[in-house]
Amino acid sequence: MQTQPSNQLEAPENLTAGGGSLQPDTIARGVFLVAALAVVGTLFWMAFVVARDAMPAISKFGLGFLVNSTWDPVVEEFGGLTFVFGTIASSAIAMLLAVPVGLGIAIFLTEDFLPEWILTPIAFMVELLAAIPSVVYGLWGIFVMIPIVRAVETFLNQTLGWIQIGGKSIFGVPYGPGLLTAGVLLAIMILPTIASISRDVLKAIPRSLRNGSLALGATRWETIFRVLLPAASSGVVGACILGLGRALGETMAVTMVIGNTPQIDTSIFAPAYTIAALLANEFAEANTAVHIGALFFAALLLFVITLLVNIVAELIVRRVSLERN
Amino acid sequence: MQTNKWTRRAFVATAALASLASPLLTQIAHALTLSGAGATFPAPLYEKWFFEYNKKNPDVKINYQSIGSGGGINQITNKTVDFGASDAAMNDEQLAKVGGSSKMLMLPMTAGAVAIAYNLPGVKSGLRLTRVVLTDIYLGKVTKWNDPVIASVNRDVKLPDLPIAVVRRSDSSGTTFIFTNHLSAIKSSDWSEKVGKGTSVNWPTGIGGKGNQGVAAQVQQTPGAIGYVEYAFAAENNLSVAAVENREGKFVLPTVKSTEAALEGTKYPENFRVFIEDPDGASSYPIVGLTWLLVYKEGNDKAKAAELKKFITWALTEGQQYVEPLKYTPIPPAVAKNVIKAAEQLK
């Protein structure tokens with residue numbers, strides 16, 4: 001069967017339905033259905049297991065877990081506030097840094113600033129960043145990034161250390177490992193996701209749109225910010241959300257550079273702790289039901305945070321595409 | 001149709017792959033394999049032992065996963081491994097889960113020390129720390145290196161005016177247990193009320209590094225840092241380590257000798273579960289601990305039980321030659337004899 005190129009206006013009649021019951025297509029459809037259901041099933045199963053194993057902690061601490069900032073395995077008092085804070089704060093720093101840079105890369109790679117034969121290798125290398133294992137990022141973070149970050153922190157502490165919230169400096173003691181370090185490392189890690197997906201989205205914008213804008217007398221700047229980016233907005237938001245998802249759940253690299261201290265400090269240099277890092281650190285040795293339960297409770301919180309982020313993103317994407325229509 | 005062809009091809013390819021994979025799966029050797037899991041602290045020594053033992057007995061292979069003491073206890077409790085390993089033995093609650101202390105053998109295999117590593121510009125060696133100062137540093141009470149309480153015992157060391165950057169393990173660890181166990185035993189400090197002991201505790205201060213490497217990297221990079229690491233690890237990486245004041249008021253560096261001295265005065269109960277919180281003896285290094293193998297006394301697979309017995313006997317006799325080169329401390333020969341005798345009960 002020959003098919004015409006896809007820009008046909010009329011939808012072709014459904015040719016894949018077939019007649020007999022044992023058509024390969026029917027089998028394939030079944031296989032795909034099972035595959036799709038398996039993913040959904042696994043998700044629910046995981047949520048169920050996590051919730052079930054969290055029960056000892058849920059029944060002991062209840063919602064108080066969310067506002068308690070103590071984590072003391074010795075006396076078995078557990079609270080998740082500091083970890084939720086660390087998770088959100090480190091991801092927020094990462095997004096703050098990675099979104100502008102990632103978008104910048106994407107725009108640069110889709111505009112004809114440089115010839116294609118230079119742009120393609122650059123795009124390839126950006127994508128290569130995504131293939132580096134996170135433990136390598138972590139080691140690089142400890143041995144290369146932390147000394148640099150510490151020098152920057154020391155400088156900021158000396159020059160801007162007087163900026164305070166509630167009597168405590170925002171640019172406090174420069175430790176090296178801490179919230180800012182984790183945020184910067186996460187930004188580097190999610191950069192390829194944001195940059196390469198945004199680039200694909202920008203590339204997919206019909207050429208006529210850009211040409212039309214330029215023909216109407218818009219500058220390149222206006223074309224990028226008033227025409228191309230709004231047209232690509234839902235895809236760009238999607239790219240950012242994928243990046244944020246990775247940042248929220250990243251474990252190994254963050255564990256190695258965040259300093260692993262359950263606290264909420266005004267200083268962005270202070271060590272902090274994320275939920276994923278907590279699980280990586282304490283799961284192997286936890287052996288009382290309450291301790292394990294508390295870890296699962298924290299995992300459940302991470303689940304909820306990621307879910308909320310995805311729902312919000314979905315709403316944004318819908319809102320944006322509605323506005324345009 | 002195109003889809004048709006591709007689906008068919010995909011099916012054929014999958015089937016071909018599956019038929020290729022199955023003979024590989026059946027090729028696993030039929031030799032006896034023992035599996036164990038647990039403490040990371042003795043893992044380098046255990047791996048050396050298993051390797052050498054396998055060289056001598058090629059039909060026996062021992063797999064060890066160093067997943068941490070807690071994990072080792074969980075796995076032996078659920079009987080998913082043939083033996084567990086732990087730096088904190090098993091407490092009564094954990095023993096109750098396996099049916100009481102009579103069901104489980106806890107065999108001390110080796111001992112080790114926890115070293116206090118530091119990074120002070122210009123001070124490569126010679127730092128001395130009193131018991132109280134060490135706890136006060138980790139409690140966050142002493143925060144400057146030139147604090148008089150440190151300076152008073154370090155007259156020949158030029159202490160810089162640097163803040164103390166406290167580094168500790170972030171992952172739960174037997175090393176943390178040995179360290180906090182010692183700090184809790186110091187009567188003149190309020191460590192045991194404020195923090196307590198455990199494989200992970202609620203630290204009043206400091207930065208958490210993951211694993212010995214994490215702590216060591218942090219200490220090496222941060223001027224003014226102090227951190228605790230396994231002695232074997234500190235020695236291999238040439239970290240500067242402090243002499244720590246022991247119970248008799250002497251300052252002792254961690255070495256195999258000073259750890260042996262600490263073991264000497266220890267009385268072993270019948271189940272060998274003894275934590276050396278604060279050893280006697282003028283030449284004893286104060287922060288030391290044992291590490292145990294955990295095996296069920298009865299109900300093991302016959303062949304496996306026999307092999308485990310053989311291995312334990314070998315490790316505590318011939319295998320002792322590998323202990324010191326790896327900077328672990330052999331358990332005293334008299335105790336080793338009793339451990340071998342206890343292992344005889346294994347069925």
# chains A, B, ... in the order shown; residues from 1 in each chain; ligands from 1
call {"tool": "residues_around", "arguments": {"residues": "region 306-323 of chain B", "least_positions_apart": "5", "cutoff": "7 Å", "atoms": "only C-alpha atoms", "output": "list of chain:residue names"}}
result
B:Leu45, B:Trp49, B:Tyr328, B:Thr329, B:Pro330, B:Ala336, B:Ile340, B:Ala343, B:Glu344, B:Leu346
call {"tool": "interface_residues", "arguments": {"of": "chain A", "to": "chain B", "cutoff": "9 Å", "atoms": "only C-alpha atoms", "output": "ChimeraX atom specification"}}
result
/A:1-2,16,24-25,28,70-75,142-143,146-147,175-178,255-262,271-272,278,280-288
call {"tool": "residues_around", "arguments": {"residues": "region 98-109 of chain A", "least_positions_apart": "4", "cutoff": "7 Å", "atoms": "only C-alpha atoms", "output": "PyMOL selection string"}}
result
chain A and resi 94+113+119+123+187-188+190-191+194-196+198-199+240
call {"tool": "select_by_dssp", "arguments": {"residues": "region 137-212 of chain A", "states": "helix (DSSP H, G or I)", "output": "VMD selection string"}}
result
chain A and resid 137 to 160 179 to 203 207 to 212
call {"tool": "closest_residue", "arguments": {"among": "A:Gly86, A:Phe124, A:Ser267, A:Lys203", "to": "Gln164 (chain A)", "atoms": "only C-alpha atoms"}}
result
A:Ser267
call {"tool": "residues_around", "arguments": {"residues": "Glu250 (chain A)", "least_positions_apart": "3", "cutoff": "9 Å", "atoms": "only C-alpha atoms", "output": "PyMOL selection string"}}
result
chain A and resi 134+186+245-247+253-255+276-277
call {"tool": "write_last_selection", "arguments": {"atoms": "C-alpha atoms", "output": "short mmCIF file (atom, residue, chain, number, x, y, z; two decimals), in the first residue's frame"}}
result
data_model
loop_
_atom_site.label_atom_id
_atom_site.label_comp_id
_atom_site.auth_asym_id
_atom_site.auth_seq_id
_atom_site.Cartn_x
_atom_site.Cartn_y
_atom_site.Cartn_z
CA SER A 134 25.50 11.36 37.31
CA LEU A 186 21.93 20.41 38.61
CA GLY A 245 11.74 16.51 36.71
CA ARG A 246 15.30 15.40 36.40
CA ALA A 247 16.49 18.05 38.87
CA ALA A 253 25.43 13.96 42.03
CA VAL A 254 23.39 16.03 44.48
CA THR A 255 24.27 13.76 47.38
CA ALA A 276 16.53 11.83 46.91
CA ALA A 277 19.86 12.29 48.71
#
call {"tool": "select_by_dssp", "arguments": {"residues": "region 99-195 of chain B", "states": "strand (DSSP E)", "output": "count of residues only"}}
result
23
call {"tool": "closest_residue", "arguments": {"among": "A:Val184, A:Ala270, A:Ile241, A:Phe297", "to": "Leu96 (chain A)", "atoms": "only C-alpha atoms"}}
result
A:Val184
call {"tool": "residues_around", "arguments": {"residues": "Pro58 (chain B)", "least_positions_apart": "4", "cutoff": "9 Å", "atoms": "only C-alpha atoms", "output": "PyMOL selection string"}}
result
chain B and resi 31+53-54
call {"tool": "write_last_selection", "arguments": {"atoms": "N, CA and C atoms", "output": "PDB file, in the first residue's frame"}}
result
ATOM      1  N   ALA B  31      29.757 -24.772  40.452  1.00  0.00           N
ATOM      2  CA  ALA B  31      30.508 -24.770  41.700  1.00  0.00           C
ATOM      3  C   ALA B  31      29.649 -24.188  42.821  1.00  0.00           C
ATOM      4  N   TYR B  53      40.825 -17.208  49.051  1.00  0.00           N
ATOM      5  CA  TYR B  53      40.201 -18.487  49.369  1.00  0.00           C
ATOM      6  C   TYR B  53      39.754 -19.198  48.100  1.00  0.00           C
ATOM      7  N   ASN B  54      39.260 -18.404  47.166  1.00  0.00           N
ATOM      8  CA  ASN B  54      38.826 -18.965  45.887  1.00  0.00           C
ATOM      9  C   ASN B  54      40.013 -19.498  45.092  1.00  0.00           C
TER      10      ASN B  54
END
call {"tool": "residues_around", "arguments": {"residues": "Phe233 (chain B)", "least_positions_apart": "4", "cutoff": "8 Å", "atoms": "only C-alpha atoms", "output": "list in words"}}
result
Asn212, Val229 and Asn237 of chain B
call {"tool": "closest_residue", "arguments": {"among": "B:Thr143, B:Thr175, B:Thr291, B:Asn300", "to": "Glu230 (chain B)", "atoms": "only C-alpha atoms"}}
result
B:Thr175
call {"tool": "closest_residue", "arguments": {"among": "A:Ala54, A:Leu209, A:Val152, A:Ile132", "to": "Val290 (chain A)", "atoms": "only C-alpha atoms"}}
result
A:Ala54
call {"tool": "residues_around", "arguments": {"residues": "Ile311 (chain A)", "least_positions_apart": "6", "cutoff": "12 Å", "atoms": "only C-alpha atoms", "output": "ChimeraX atom specification"}}
result
/A:238,241,245,304-305,317-318
call {"tool": "write_last_selection", "arguments": {"atoms": "N, CA and C atoms", "output": "short mmCIF file (atom, residue, chain, number, x, y, z; two decimals), in the first residue's frame"}}
result
data_model
loop_
_atom_site.label_atom_id
_atom_site.label_comp_id
_atom_site.auth_asym_id
_atom_site.auth_seq_id
_atom_site.Cartn_x
_atom_site.Cartn_y
_atom_site.Cartn_z
N GLY A 238 7.37 22.37 28.03
CA GLY A 238 7.55 20.93 28.17
C GLY A 238 9.00 20.57 28.43
N ILE A 241 9.95 21.43 31.94
CA ILE A 241 9.38 20.52 32.92
C ILE A 241 10.16 19.20 32.96
N GLY A 245 11.95 17.87 36.22
CA GLY A 245 11.74 16.51 36.71
C GLY A 245 13.04 15.83 37.04
N VAL A 304 4.66 13.18 45.30
CA VAL A 304 3.61 14.20 45.26
C VAL A 304 4.14 15.49 44.63
N ILE A 305 5.37 15.89 45.02
CA ILE A 305 5.96 17.11 44.46
C ILE A 305 6.06 16.99 42.95
N VAL A 317 0.74 24.51 29.78
CA VAL A 317 0.79 24.20 28.35
C VAL A 317 -0.59 24.37 27.72
N ARG A 318 -1.63 23.88 28.39
CA ARG A 318 -2.98 23.97 27.86
C ARG A 318 -3.42 25.42 27.75
#
call {"tool": "closest_residue", "arguments": {"among": "A:Leu248, A:Val39, A:Ala289, A:Val173", "to": "Leu301 (chain A)", "atoms": "only C-alpha atoms"}}
result
A:Leu248
